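Below is one structure, written out as structure tokens; comments come after it.
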Amino acid sequence: MTPVSRALRTLALAATFLAGGLLQAEDKKELPKFDGNLQKYWADACARCHGVNGNGRDNNGGQLPDAGFDFTDSRKANKKKDSDWVKVTLNGKDKMPAFKDRMSEADVQKMITEIVRKFAAKH
Ligand code: HEC
């Protein structure tokens with residue numbers, strides 16, 4: 001390998017690391033930390049995938065691509081335990097991101113009982 005190609009390879013590697021770091025920073029910026037307001041946090045951090053109304057649909061009624069679950073479907077929601085929902089929210093699952101770095105377990109518990117559960121009750 002010539003010194004020039006070695007230098008180029010080093011540059012390419014550096015660029016890859018840099019891009020990776022930027023992407024990660026972008027992810028963190030996109031999902032904010034919990035700020036104490038459950039309703040606002042649902043809108044800021046959860047609604048992009050689950051919908052403002054928890055039904056996995058956007059404001060025009062279109063299916064969101066990463067919804068995963070329709071929280072307004074009470075028949076299905078009633079089969080789920082709060083404790084499991086708390087675990088999924090803290091630790092993530094497949095496309096569902098983990099929130100344990102952004103919310104305390106007590107806050108996640110409140111999010112499930114005061115916001116997520118109520119989507120089924122409303123319909
Ligand atoms: C990037 C998209 C995305 C974001 C943001 C997101 N979720 Fe999810 N969520 C998913 C997907 C996809 C699943 C289904 C995971 C699976 O079972 O494979 C899921 C599943 C869940 C479940 C479990 C439902 C079940 O299957 O029983 C709960 C509870 C949940 N999310 C709550 C939340 C809460 C609360 C927030 C915000 C703090 C949130 N999610 C943010 C995509 C997302």
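Residues are named by chain letter and number: chains run A, B, ... in the order of the structure tokens, numbers start at 1 in each chain, and ligands are numbered from 1 in the order shown.
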
Contacts of Ala98 of chain A within 12 Å, only C-alpha atoms, excl. fewer than 6 positions in-chain, as a PyMOL selection string:
chain A and resi 28+31+33+45-46+85-92+104-105+108

Output of the above residues as a short mmCIF file (atom, residue, chain, number, x, y, z; two decimals), in the first residue's frame, restricted to N, CA, C and O atoms:
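Contents of the output file again.cif:
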data_model
loop_
_atom_site.label_atom_id
_atom_site.label_comp_id
_atom_site.auth_asym_id
_atom_site.auth_seq_id
_atom_site.Cartn_x
_atom_site.Cartn_y
_atom_site.Cartn_z
N LYS A 28 -30.30 11.57 19.38
CA LYS A 28 -30.52 12.06 20.75
C LYS A 28 -31.30 13.37 20.70
O LYS A 28 -32.18 13.59 21.50
N LEU A 31 -35.12 12.75 19.93
CA LEU A 31 -35.95 12.27 21.03
C LEU A 31 -35.54 13.01 22.30
O LEU A 31 -34.53 12.71 22.90
N LYS A 33 -35.41 14.63 26.19
CA LYS A 33 -35.55 14.08 27.54
C LYS A 33 -36.91 14.47 28.10
O LYS A 33 -37.44 15.52 27.77
N ALA A 45 -42.40 13.01 21.77
CA ALA A 45 -41.51 11.84 21.65
C ALA A 45 -42.20 10.57 21.19
O ALA A 45 -41.56 9.69 20.63
N CYS A 46 -43.49 10.42 21.41
CA CYS A 46 -44.16 9.15 21.12
C CYS A 46 -45.07 9.25 19.89
O CYS A 46 -45.19 8.30 19.14
N TRP A 85 -45.83 -3.04 29.51
CA TRP A 85 -45.72 -1.79 28.74
C TRP A 85 -44.62 -0.90 29.32
O TRP A 85 -43.92 -0.21 28.58
N VAL A 86 -44.51 -0.90 30.66
CA VAL A 86 -43.44 -0.12 31.29
C VAL A 86 -42.09 -0.67 30.84
O VAL A 86 -41.19 0.08 30.46
N LYS A 87 -41.98 -2.00 30.82
CA LYS A 87 -40.71 -2.62 30.42
C LYS A 87 -40.34 -2.28 28.98
O LYS A 87 -39.20 -1.94 28.69
N VAL A 88 -41.32 -2.38 28.06
CA VAL A 88 -41.05 -2.07 26.65
C VAL A 88 -40.61 -0.61 26.51
O VAL A 88 -39.68 -0.30 25.78
N THR A 89 -41.28 0.29 27.23
CA THR A 89 -40.93 1.72 27.12
C THR A 89 -39.54 1.99 27.70
O THR A 89 -38.76 2.75 27.12
N LEU A 90 -39.20 1.34 28.80
CA LEU A 90 -37.86 1.55 29.38
C LEU A 90 -36.76 0.95 28.51
O LEU A 90 -35.74 1.58 28.26
N ASN A 91 -36.98 -0.27 28.04
CA ASN A 91 -35.90 -1.03 27.40
C ASN A 91 -35.98 -1.08 25.88
O ASN A 91 -35.02 -1.51 25.24
N GLY A 92 -37.12 -0.66 25.31
CA GLY A 92 -37.29 -0.72 23.87
C GLY A 92 -37.56 -2.14 23.39
O GLY A 92 -37.44 -3.11 24.16
N SER A 104 -37.45 8.43 34.01
CA SER A 104 -37.30 7.52 35.15
C SER A 104 -38.40 6.46 35.06
O SER A 104 -39.40 6.64 34.35
N GLU A 105 -38.21 5.36 35.79
CA GLU A 105 -39.22 4.30 35.78
C GLU A 105 -40.55 4.81 36.30
O GLU A 105 -41.62 4.47 35.77
N VAL A 108 -42.26 6.70 33.54
CA VAL A 108 -42.79 5.79 32.52
C VAL A 108 -44.09 5.16 33.03
O VAL A 108 -45.09 5.08 32.30
#

Among the residues A:Lys100, A:Arg117, A:Cys49, A:Gln63, the one that comes closest to ligand 1 [using only C-alpha atoms and all ligand atoms]:
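Checking each of A:Lys100, A:Arg117, A:Cys49, A:Gln63 against ligand 1, counting only C-alpha atoms and all ligand atoms, the winner is A:Cys49.
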
Gly68 of chain A: which residues within 10 Å, counting only C-alpha atoms, same-chain residues fewer than 5 positions away excluded, as a count of residues only?
8

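Of note, atom 33 (C, counted along the ligand's line) of ligand 1 and atom CA of Asp35 of chain A are spaced 15.8 Å apart.
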
I'd like to know which of A:Leu38, A:Glu30, A:Phe71, A:Asp44 is closest to Arg57 of chain A, using only C-alpha atoms.
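Ranking A:Leu38, A:Glu30, A:Phe71, A:Asp44 by distance to Arg57 of chain A, first place goes to A:Phe71.
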
Smallest atom-to-atom distance to Gly36 of chain A: which of A:Phe119, A:Met103, A:Glu114, A:Ser5, using only C-alpha atoms?
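Smallest distance to Gly36 of chain A is found for A:Met103.
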